[in-house]
file coords_3.pdb (PDB, C-alpha atoms)
ATOM      1  CA  MET A   7      -7.788  -1.058  18.320  1.00  0.00           C
ATOM      2  CA  PRO A   8      -9.348  -1.974  14.958  1.00  0.00           C
ATOM      3  CA  LEU A   9      -8.141   1.228  13.177  1.00  0.00           C
ATOM      4  CA  GLN A  10      -4.591   1.102  11.837  1.00  0.00           C
ATOM      5  CA  LEU A  11      -2.829   4.106  10.296  1.00  0.00           C
ATOM      6  CA  SER A  12       0.510   3.961   8.514  1.00  0.00           C
ATOM      7  CA  TRP A  13       2.835   6.433   6.811  1.00  0.00           C
ATOM      8  CA  ALA A  14       5.902   5.652   4.709  1.00  0.00           C
ATOM      9  CA  THR A  15       8.283   8.205   3.173  1.00  0.00           C
ATOM     10  CA  ILE A  16      11.014   7.445   0.662  1.00  0.00           C
ATOM     11  CA  ILE A  17      13.927   9.514   1.924  1.00  0.00           C
ATOM     12  CA  ALA A  18      16.733   8.216  -0.293  1.00  0.00           C
ATOM     13  CA  GLY A  19      17.240   6.045  -3.329  1.00  0.00           C
ATOM     14  CA  ARG A  20      15.189   5.668  -6.509  1.00  0.00           C
ATOM     15  CA  ASP A  21      12.720   8.497  -5.773  1.00  0.00           C
ATOM     16  CA  ARG A  22      14.458  11.185  -7.795  1.00  0.00           C
ATOM     17  CA  GLY A  23      13.268  13.703 -10.352  1.00  0.00           C
ATOM     18  CA  ILE A  24      14.237  16.952 -12.064  1.00  0.00           C
ATOM     19  CA  ASN A  25      13.197  20.276 -10.527  1.00  0.00           C
ATOM     20  CA  ASN A  26      12.284  23.376 -12.555  1.00  0.00           C
ATOM     21  CA  LYS A  27      15.988  24.445 -12.551  1.00  0.00           C
ATOM     22  CA  GLY A  28      17.013  21.193 -14.239  1.00  0.00           C
ATOM     23  CA  GLU A  29      18.653  19.764 -11.111  1.00  0.00           C
ATOM     24  CA  GLU A  30      18.153  16.180  -9.964  1.00  0.00           C
ATOM     25  CA  VAL A  31      16.505  16.181  -6.523  1.00  0.00           C
ATOM     26  CA  GLN A  32      14.854  13.784  -4.089  1.00  0.00           C
ATOM     27  CA  ARG A  33      11.021  13.902  -4.255  1.00  0.00           C
ATOM     28  CA  TYR A  34      10.282  12.529  -0.758  1.00  0.00           C
ATOM     29  CA  SER A  35       7.225  10.568  -1.900  1.00  0.00           C
ATOM     30  CA  ASN A  36       4.791   9.494   0.812  1.00  0.00           C
ATOM     31  CA  TYR A  37       2.300   6.677   1.080  1.00  0.00           C
ATOM     32  CA  VAL A  38      -0.352   6.922   3.795  1.00  0.00           C
ATOM     33  CA  SER A  39      -3.016   4.345   4.512  1.00  0.00           C
ATOM     34  CA  ALA A  40      -5.812   3.537   6.898  1.00  0.00           C
ATOM     35  CA  SER A  41      -7.387   0.155   7.534  1.00  0.00           C
ATOM     36  CA  TYR A  42     -10.239  -0.819   9.793  1.00  0.00           C
ATOM     37  CA  LYS A  43     -11.193  -4.313  10.905  1.00  0.00           C
ATOM     38  CA  VAL A  44     -14.945  -4.447  10.234  1.00  0.00           C
ATOM     39  CA  PHE A  45     -15.542  -8.081  11.153  1.00  0.00           C
ATOM     40  CA  GLU A  46     -13.786 -10.739  13.200  1.00  0.00           C
ATOM     41  CA  ASN A  47     -14.846 -14.055  14.683  1.00  0.00           C
ATOM     42  CA  ASP A  48     -13.019 -17.279  15.492  1.00  0.00           C
ATOM     43  CA  LYS A  49     -12.708 -18.163  11.749  1.00  0.00           C
ATOM     44  CA  PHE A  50     -12.629 -14.935   9.683  1.00  0.00           C
ATOM     45  CA  VAL A  51     -11.239 -11.390   9.704  1.00  0.00           C
ATOM     46  CA  ILE A  52     -12.434  -8.802   7.142  1.00  0.00           C
ATOM     47  CA  THR A  53     -10.380  -5.604   6.770  1.00  0.00           C
ATOM     48  CA  PRO A  54     -10.957  -2.886   4.136  1.00  0.00           C
ATOM     49  CA  SER A  55      -8.310  -0.203   3.629  1.00  0.00           C
ATOM     50  CA  ILE A  56      -7.509   2.883   1.592  1.00  0.00           C
ATOM     51  CA  GLY A  57      -4.141   4.389   0.683  1.00  0.00           C
ATOM     52  CA  ALA A  58      -2.964   7.591  -0.962  1.00  0.00           C
ATOM     53  CA  THR A  59       0.294   9.073  -2.212  1.00  0.00           C
ATOM     54  CA  PHE A  60       1.778  12.554  -2.369  1.00  0.00           C
ATOM     55  CA  ALA A  61       5.267  14.096  -2.467  1.00  0.00           C
ATOM     56  CA  PHE A  62       6.911  16.847  -0.492  1.00  0.00           C
ATOM     57  CA  ARG A  63       8.634  17.986  -3.709  1.00  0.00           C
ATOM     58  CA  ASN A  64       7.003  17.624  -7.150  1.00  0.00           C
ATOM     59  CA  THR A  65       9.407  17.095 -10.059  1.00  0.00           C
ATOM     60  CA  LEU A  66       9.632  16.110 -13.712  1.00  0.00           C
ATOM     61  CA  ASN A  67      10.481  12.612 -14.933  1.00  0.00           C
ATOM     62  CA  ASP A  68      13.282  11.880 -17.427  1.00  0.00           C
ATOM     63  CA  LYS A  69      10.918  12.713 -20.335  1.00  0.00           C
ATOM     64  CA  GLY A  70      10.136  16.188 -18.955  1.00  0.00           C
ATOM     65  CA  GLU A  71       6.630  15.186 -17.837  1.00  0.00           C
ATOM     66  CA  ASN A  72       5.247  16.044 -14.406  1.00  0.00           C
ATOM     67  CA  LYS A  73       5.881  13.162 -12.011  1.00  0.00           C
ATOM     68  CA  ALA A  74       4.318  14.064  -8.713  1.00  0.00           C
ATOM     69  CA  THR A  75       5.328  10.940  -6.779  1.00  0.00           C
ATOM     70  CA  PHE A  76       7.369   7.748  -6.994  1.00  0.00           C
ATOM     71  CA  TYR A  77       4.034   5.896  -7.262  1.00  0.00           C
ATOM     72  CA  GLY A  78       2.300   7.883 -10.014  1.00  0.00           C
ATOM     73  CA  ASN A  79       1.809  11.086 -11.974  1.00  0.00           C
ATOM     74  CA  LYS A  80      -0.270  12.864  -9.361  1.00  0.00           C
ATOM     75  CA  ALA A  81      -1.073  12.955  -5.685  1.00  0.00           C
ATOM     76  CA  CYS A  82      -4.103  10.718  -5.324  1.00  0.00           C
ATOM     77  CA  VAL A  83      -5.832   7.751  -3.755  1.00  0.00           C
ATOM     78  CA  ASN A  84      -4.162   4.766  -5.399  1.00  0.00           C
ATOM     79  CA  ASP A  85      -4.972   1.786  -3.172  1.00  0.00           C
ATOM     80  CA  ILE A  86      -8.479   0.629  -2.259  1.00  0.00           C
ATOM     81  CA  ARG A  87      -8.516  -2.938  -0.962  1.00  0.00           C
ATOM     82  CA  LEU A  88     -10.424  -5.595   0.880  1.00  0.00           C
ATOM     83  CA  ASN A  89      -8.549  -8.275   2.809  1.00  0.00           C
ATOM     84  CA  ALA A  90     -10.290 -11.459   3.979  1.00  0.00           C
ATOM     85  CA  THR A  91      -8.377 -13.824   6.260  1.00  0.00           C
ATOM     86  CA  TYR A  92      -9.464 -17.336   7.155  1.00  0.00           C
ATOM     87  CA  LYS A  93      -7.950 -18.833  10.306  1.00  0.00           C
ATOM     88  CA  LEU A  94      -7.193 -22.349   9.073  1.00  0.00           C
ATOM     89  CA  LYS A  95      -6.525 -24.808  11.870  1.00  0.00           C
ATOM     90  CA  ILE A  96      -4.687 -28.042  11.105  1.00  0.00           C
ATOM     91  CA  ARG A  97      -4.387 -30.103  14.269  1.00  0.00           C
ATOM     92  CA  SER A  98      -2.856 -27.686  16.758  1.00  0.00           C
ATOM     93  CA  TYR A  99      -1.398 -25.337  14.110  1.00  0.00           C
ATOM     94  CA  MET A 100      -3.063 -22.083  13.080  1.00  0.00           C
ATOM     95  CA  ILE A 101      -2.331 -21.071   9.467  1.00  0.00           C
ATOM     96  CA  PRO A 102      -3.921 -17.722   8.475  1.00  0.00           C
ATOM     97  CA  VAL A 103      -4.857 -17.783   4.771  1.00  0.00           C
ATOM     98  CA  SER A 104      -5.645 -14.417   3.165  1.00  0.00           C
ATOM     99  CA  ALA A 105      -7.194 -13.200  -0.074  1.00  0.00           C
ATOM    100  CA  ILE A 106      -6.824  -9.572  -1.107  1.00  0.00           C
ATOM    101  CA  VAL A 107      -8.644  -7.679  -3.857  1.00  0.00           C
ATOM    102  CA  MET A 108      -7.182  -4.264  -4.649  1.00  0.00           C
ATOM    103  CA  TRP A 109      -8.168  -1.436  -6.970  1.00  0.00           C
ATOM    104  CA  ASN A 110      -5.801   1.349  -8.073  1.00  0.00           C
ATOM    105  CA  PRO A 111      -7.970   4.207  -9.405  1.00  0.00           C
ATOM    106  CA  GLU A 112      -4.932   6.206 -10.619  1.00  0.00           C
ATOM    107  CA  ALA A 113      -3.695   3.354 -12.832  1.00  0.00           C
ATOM    108  CA  ASN A 114      -7.225   2.036 -13.508  1.00  0.00           C
ATOM    109  CA  ARG A 115      -6.101  -1.482 -12.584  1.00  0.00           C
ATOM    110  CA  GLY A 116      -7.267  -4.209 -10.252  1.00  0.00           C
ATOM    111  CA  TYR A 117      -5.243  -6.884  -8.512  1.00  0.00           C
ATOM    112  CA  PHE A 118      -5.794 -10.095  -6.583  1.00  0.00           C
ATOM    113  CA  GLY A 119      -3.419 -11.659  -4.093  1.00  0.00           C
ATOM    114  CA  ALA A 120      -3.389 -14.687  -1.848  1.00  0.00           C
ATOM    115  CA  SER A 121      -1.100 -15.597   1.029  1.00  0.00           C
ATOM    116  CA  ALA A 122      -0.614 -17.998   3.889  1.00  0.00           C
ATOM    117  CA  THR A 123       1.419 -17.449   7.047  1.00  0.00           C
ATOM    118  CA  LEU A 124       3.264 -20.665   7.786  1.00  0.00           C
ATOM    119  CA  PHE A 125       5.451 -19.362  10.599  1.00  0.00           C
ATOM    120  CA  SER A 126       5.167 -16.395  12.933  1.00  0.00           C
ATOM    121  CA  MET A 127       7.430 -15.422  15.815  1.00  0.00           C
TER     122      MET A 127
END
call {"tool": "encode", "arguments": {"input": "coords_3.pdb", "output": "structure tokens"}}
result
Amino acid sequence: MPLQLSWATIIAGRDRGINNKGEEVQRYSNYVSASYKVFENDKFVITPSIGATFAFRNTLNDKGENKATFYGNKACVNDIRLNATYKLKIRSYMIPVSAIVMWNPEANRGYFGASATLFSM
């Protein structure tokens, strides 16, 4: 199926904040995303995706400012990306090479990444 949905929740660890009573509590930040393969042939795969964050418990950061999630200051869409993968074939070996462009509207920043899968089990 070309549609992929994922959900990740931080249940322990660094995702802590201060509640309105001044107590340190776990925020339970969540990251949800959806991606959909829009094109695939024997050489290329193109997959756009979108991700958003929210928390089950909003808190304050150590400066007393609202810190809605581990990922940012508010629940929002924070990951819009386009992934292009080229299926590089060298002799009998298939080496997927990917380029990713990503935009984070909450941070107003863009990113670029590249990868190659040399071994897969």
call {"tool": "residues_near_point", "arguments": {"input": "coords_3.pdb", "point": "(-9.9, -16.4, 2.6)", "cutoff": "6 Å", "atoms": "only C-alpha atoms", "output": "ChimeraX atom specification"}}
result
/A:90-92,103-105
call {"tool": "write_last_selection", "arguments": {"input": "coords_3.pdb", "atoms": "C-alpha atoms", "output": "compact mmCIF listing (two decimals), in the coordinates of the input"}}
result
# COMPACT_ATOMS: atom_id res chain seq x y z
CA ALA A 90 -10.29 -11.46 3.98
CA THR A 91 -8.38 -13.82 6.26
CA TYR A 92 -9.46 -17.34 7.16
CA VAL A 103 -4.86 -17.78 4.77
CA SER A 104 -5.64 -14.42 3.16
CA ALA A 105 -7.19 -13.20 -0.07
call {"tool": "residues_near_point", "arguments": {"input": "coords_3.pdb", "point": "(3.9, 8.7, 3.0)", "cutoff": "7 Å", "atoms": "only C-alpha atoms", "output": "JSON, numbers by chain"}}
result
{"A": [13, 14, 15, 35, 36, 37, 38, 59, 60]}
call {"tool": "closest_residue", "arguments": {"input": "coords_3.pdb", "among": "A:Ser12, A:Leu88, A:Lys80, A:Arg33", "to": "Phe45 (chain A)", "atoms": "all atoms listed in the file"}}
result
A:Leu88
call {"tool": "closest_residue", "arguments": {"input": "coords_3.pdb", "among": "A:Asp48, A:Ser98, A:Trp109, A:Lys93", "to": "Ala122 (chain A)", "atoms": "all atoms listed in the file"}}
result
A:Lys93
call {"tool": "closest_residue", "arguments": {"input": "coords_3.pdb", "among": "A:Leu11, A:Ala40, A:Leu124, A:Ala74", "to": "Gly23 (chain A)", "atoms": "all atoms listed in the file"}}
result
A:Ala74
call {"tool": "resolve_selection", "arguments": {"input": "coords_3.pdb", "expression": "the PyMOL selection byres ((chain A and resi 54) around 12)", "output": "list in words"}}
result
Pro8, Leu9, Gln10, Ser39, Ala40, Ser41, Tyr42, Lys43, Val44, Phe45, Val51, Ile52, Thr53, Ser55, Ile56, Gly57, Asp85, Ile86, Arg87, Leu88, Asn89, Ala90, Thr91, Ala105, Ile106, Val107, Met108 and Trp109 of chain A
call {"tool": "atom_distance", "arguments": {"input": "coords_3.pdb", "atom1": "CA of Tyr99 (chain A)", "atom2": "CA of Asn47 (chain A)"}}
result
17.6 Å
call {"tool": "resolve_selection", "arguments": {"input": "coords_3.pdb", "expression": "the PyMOL selection byres ((chain A and resi 112-117) around 8)", "output": "number ranges by chain"}}
result
A: 78, 82-84, 107-111, 118-119
call {"tool": "closest_residue", "arguments": {"input": "coords_3.pdb", "among": "A:Ala81, A:Ile96, A:Met7, A:Ala61", "to": "Arg22 (chain A)", "atoms": "all atoms listed in the file"}}
result
A:Ala61
call {"tool": "residues_around", "arguments": {"input": "coords_3.pdb", "residues": "Tyr34 (chain A)", "least_positions_apart": "2", "cutoff": "6 Å", "atoms": "only C-alpha atoms", "output": "PyMOL selection string"}}
result
chain A and resi 16-17+32+61-62
call {"tool": "decode", "arguments": {"input": "coords_3.pdb", "residues": "region 74-86 of chain A", "atoms": "all heavy atoms", "output": "PDB file, in the first residue's frame"}}
result
ATOM      1  N   ALA A  74       4.864  23.423  24.469  1.00  0.00           N
ATOM      2  CA  ALA A  74       3.801  22.472  24.219  1.00  0.00           C
ATOM      3  C   ALA A  74       4.312  21.063  23.975  1.00  0.00           C
ATOM      4  O   ALA A  74       3.696  20.105  24.406  1.00  0.00           O
ATOM      5  CB  ALA A  74       2.943  22.925  23.035  1.00  0.00           C
ATOM      6  N   THR A  75       5.439  20.918  23.280  1.00  0.00           N
ATOM      7  CA  THR A  75       5.945  19.587  22.955  1.00  0.00           C
ATOM      8  C   THR A  75       7.465  19.548  23.076  1.00  0.00           C
ATOM      9  O   THR A  75       8.124  20.578  23.160  1.00  0.00           O
ATOM     10  CB  THR A  75       5.577  19.155  21.513  1.00  0.00           C
ATOM     11  OG1 THR A  75       6.393  19.862  20.593  1.00  0.00           O
ATOM     12  CG2 THR A  75       4.116  19.398  21.194  1.00  0.00           C
ATOM     13  N   PHE A  76       8.003  18.358  23.042  1.00  0.00           N
ATOM     14  CA  PHE A  76       9.454  18.144  23.010  1.00  0.00           C
ATOM     15  C   PHE A  76      10.048  18.776  21.761  1.00  0.00           C
ATOM     16  O   PHE A  76      11.182  19.228  21.760  1.00  0.00           O
ATOM     17  CB  PHE A  76       9.712  16.637  23.019  1.00  0.00           C
ATOM     18  CG  PHE A  76      11.153  16.251  22.935  1.00  0.00           C
ATOM     19  CD1 PHE A  76      11.972  16.343  24.050  1.00  0.00           C
ATOM     20  CD2 PHE A  76      11.697  15.763  21.760  1.00  0.00           C
ATOM     21  CE1 PHE A  76      13.302  15.967  23.997  1.00  0.00           C
ATOM     22  CE2 PHE A  76      13.023  15.380  21.688  1.00  0.00           C
ATOM     23  CZ  PHE A  76      13.830  15.490  22.815  1.00  0.00           C
ATOM     24  N   TYR A  77       9.265  18.854  20.680  1.00  0.00           N
ATOM     25  CA  TYR A  77       9.744  19.292  19.375  1.00  0.00           C
ATOM     26  C   TYR A  77       9.615  20.792  19.143  1.00  0.00           C
ATOM     27  O   TYR A  77      10.238  21.330  18.234  1.00  0.00           O
ATOM     28  CB  TYR A  77       8.989  18.561  18.272  1.00  0.00           C
ATOM     29  CG  TYR A  77       9.047  17.068  18.412  1.00  0.00           C
ATOM     30  CD1 TYR A  77       8.003  16.365  18.993  1.00  0.00           C
ATOM     31  CD2 TYR A  77      10.151  16.351  17.963  1.00  0.00           C
ATOM     32  CE1 TYR A  77       8.058  14.980  19.124  1.00  0.00           C
ATOM     33  CE2 TYR A  77      10.215  14.973  18.096  1.00  0.00           C
ATOM     34  CZ  TYR A  77       9.160  14.306  18.682  1.00  0.00           C
ATOM     35  OH  TYR A  77       9.225  12.946  18.817  1.00  0.00           O
ATOM     36  N   GLY A  78       8.770  21.491  19.902  1.00  0.00           N
ATOM     37  CA  GLY A  78       8.581  22.912  19.644  1.00  0.00           C
ATOM     38  C   GLY A  78       7.659  23.562  20.652  1.00  0.00           C
ATOM     39  O   GLY A  78       7.170  22.939  21.594  1.00  0.00           O
ATOM     40  N   ASN A  79       7.382  24.843  20.435  1.00  0.00           N
ATOM     41  CA  ASN A  79       6.591  25.628  21.379  1.00  0.00           C
ATOM     42  C   ASN A  79       5.089  25.517  21.205  1.00  0.00           C
ATOM     43  O   ASN A  79       4.344  26.100  21.973  1.00  0.00           O
ATOM     44  CB  ASN A  79       7.007  27.099  21.292  1.00  0.00           C
ATOM     45  CG  ASN A  79       8.408  27.306  21.804  1.00  0.00           C
ATOM     46  OD1 ASN A  79       8.860  26.611  22.696  1.00  0.00           O
ATOM     47  ND2 ASN A  79       9.111  28.248  21.219  1.00  0.00           N
ATOM     48  N   LYS A  80       4.655  24.783  20.184  1.00  0.00           N
ATOM     49  CA  LYS A  80       3.218  24.632  19.987  1.00  0.00           C
ATOM     50  C   LYS A  80       2.936  23.361  19.205  1.00  0.00           C
ATOM     51  O   LYS A  80       3.808  22.827  18.521  1.00  0.00           O
ATOM     52  CB  LYS A  80       2.642  25.839  19.257  1.00  0.00           C
ATOM     53  CG  LYS A  80       3.249  26.074  17.897  1.00  0.00           C
ATOM     54  CD  LYS A  80       2.747  27.348  17.261  1.00  0.00           C
ATOM     55  CE  LYS A  80       3.524  27.605  15.981  1.00  0.00           C
ATOM     56  NZ  LYS A  80       3.259  28.896  15.430  1.00  0.00           N
ATOM     57  N   ALA A  81       1.721  22.884  19.329  1.00  0.00           N
ATOM     58  CA  ALA A  81       1.286  21.761  18.506  1.00  0.00           C
ATOM     59  C   ALA A  81       1.127  22.288  17.084  1.00  0.00           C
ATOM     60  O   ALA A  81       0.482  23.314  16.863  1.00  0.00           O
ATOM     61  CB  ALA A  81      -0.038  21.214  19.027  1.00  0.00           C
ATOM     62  N   CYS A  82       1.764  21.609  16.130  1.00  0.00           N
ATOM     63  CA  CYS A  82       1.749  22.137  14.770  1.00  0.00           C
ATOM     64  C   CYS A  82       2.298  21.133  13.773  1.00  0.00           C
ATOM     65  O   CYS A  82       2.858  20.109  14.149  1.00  0.00           O
ATOM     66  CB  CYS A  82       2.595  23.396  14.701  1.00  0.00           C
ATOM     67  SG  CYS A  82       4.326  23.087  15.036  1.00  0.00           S
ATOM     68  N   VAL A  83       2.137  21.458  12.503  1.00  0.00           N
ATOM     69  CA  VAL A  83       2.824  20.737  11.432  1.00  0.00           C
ATOM     70  C   VAL A  83       4.265  21.234  11.448  1.00  0.00           C
ATOM     71  O   VAL A  83       4.513  22.435  11.399  1.00  0.00           O
ATOM     72  CB  VAL A  83       2.168  21.010  10.063  1.00  0.00           C
ATOM     73  CG1 VAL A  83       3.019  20.451   8.933  1.00  0.00           C
ATOM     74  CG2 VAL A  83       0.766  20.439  10.015  1.00  0.00           C
ATOM     75  N   ASN A  84       5.215  20.324  11.564  1.00  0.00           N
ATOM     76  CA  ASN A  84       6.613  20.752  11.630  1.00  0.00           C
ATOM     77  C   ASN A  84       7.531  19.956  10.702  1.00  0.00           C
ATOM     78  O   ASN A  84       8.743  20.034  10.827  1.00  0.00           O
ATOM     79  CB  ASN A  84       7.141  20.681  13.060  1.00  0.00           C
ATOM     80  CG  ASN A  84       7.272  19.261  13.552  1.00  0.00           C
ATOM     81  OD1 ASN A  84       6.665  18.351  13.008  1.00  0.00           O
ATOM     82  ND2 ASN A  84       8.046  19.065  14.595  1.00  0.00           N
ATOM     83  N   ASP A  85       6.955  19.206   9.771  1.00  0.00           N
ATOM     84  CA  ASP A  85       7.789  18.394   8.882  1.00  0.00           C
ATOM     85  C   ASP A  85       7.059  18.186   7.556  1.00  0.00           C
ATOM     86  O   ASP A  85       6.140  17.390   7.472  1.00  0.00           O
ATOM     87  CB  ASP A  85       8.085  17.055   9.551  1.00  0.00           C
ATOM     88  CG  ASP A  85       9.009  16.165   8.745  1.00  0.00           C
ATOM     89  OD1 ASP A  85       9.434  16.557   7.641  1.00  0.00           O
ATOM     90  OD2 ASP A  85       9.304  15.058   9.223  1.00  0.00           O
ATOM     91  N   ILE A  86       7.473  18.931   6.545  1.00  0.00           N
ATOM     92  CA  ILE A  86       6.951  18.750   5.188  1.00  0.00           C
ATOM     93  C   ILE A  86       8.156  18.378   4.337  1.00  0.00           C
ATOM     94  O   ILE A  86       9.136  19.122   4.296  1.00  0.00           O
ATOM     95  CB  ILE A  86       6.297  20.042   4.659  1.00  0.00           C
ATOM     96  CG1 ILE A  86       5.143  20.448   5.568  1.00  0.00           C
ATOM     97  CG2 ILE A  86       5.824  19.859   3.221  1.00  0.00           C
ATOM     98  CD1 ILE A  86       4.599  21.835   5.305  1.00  0.00           C
TER      99      ILE A  86
END
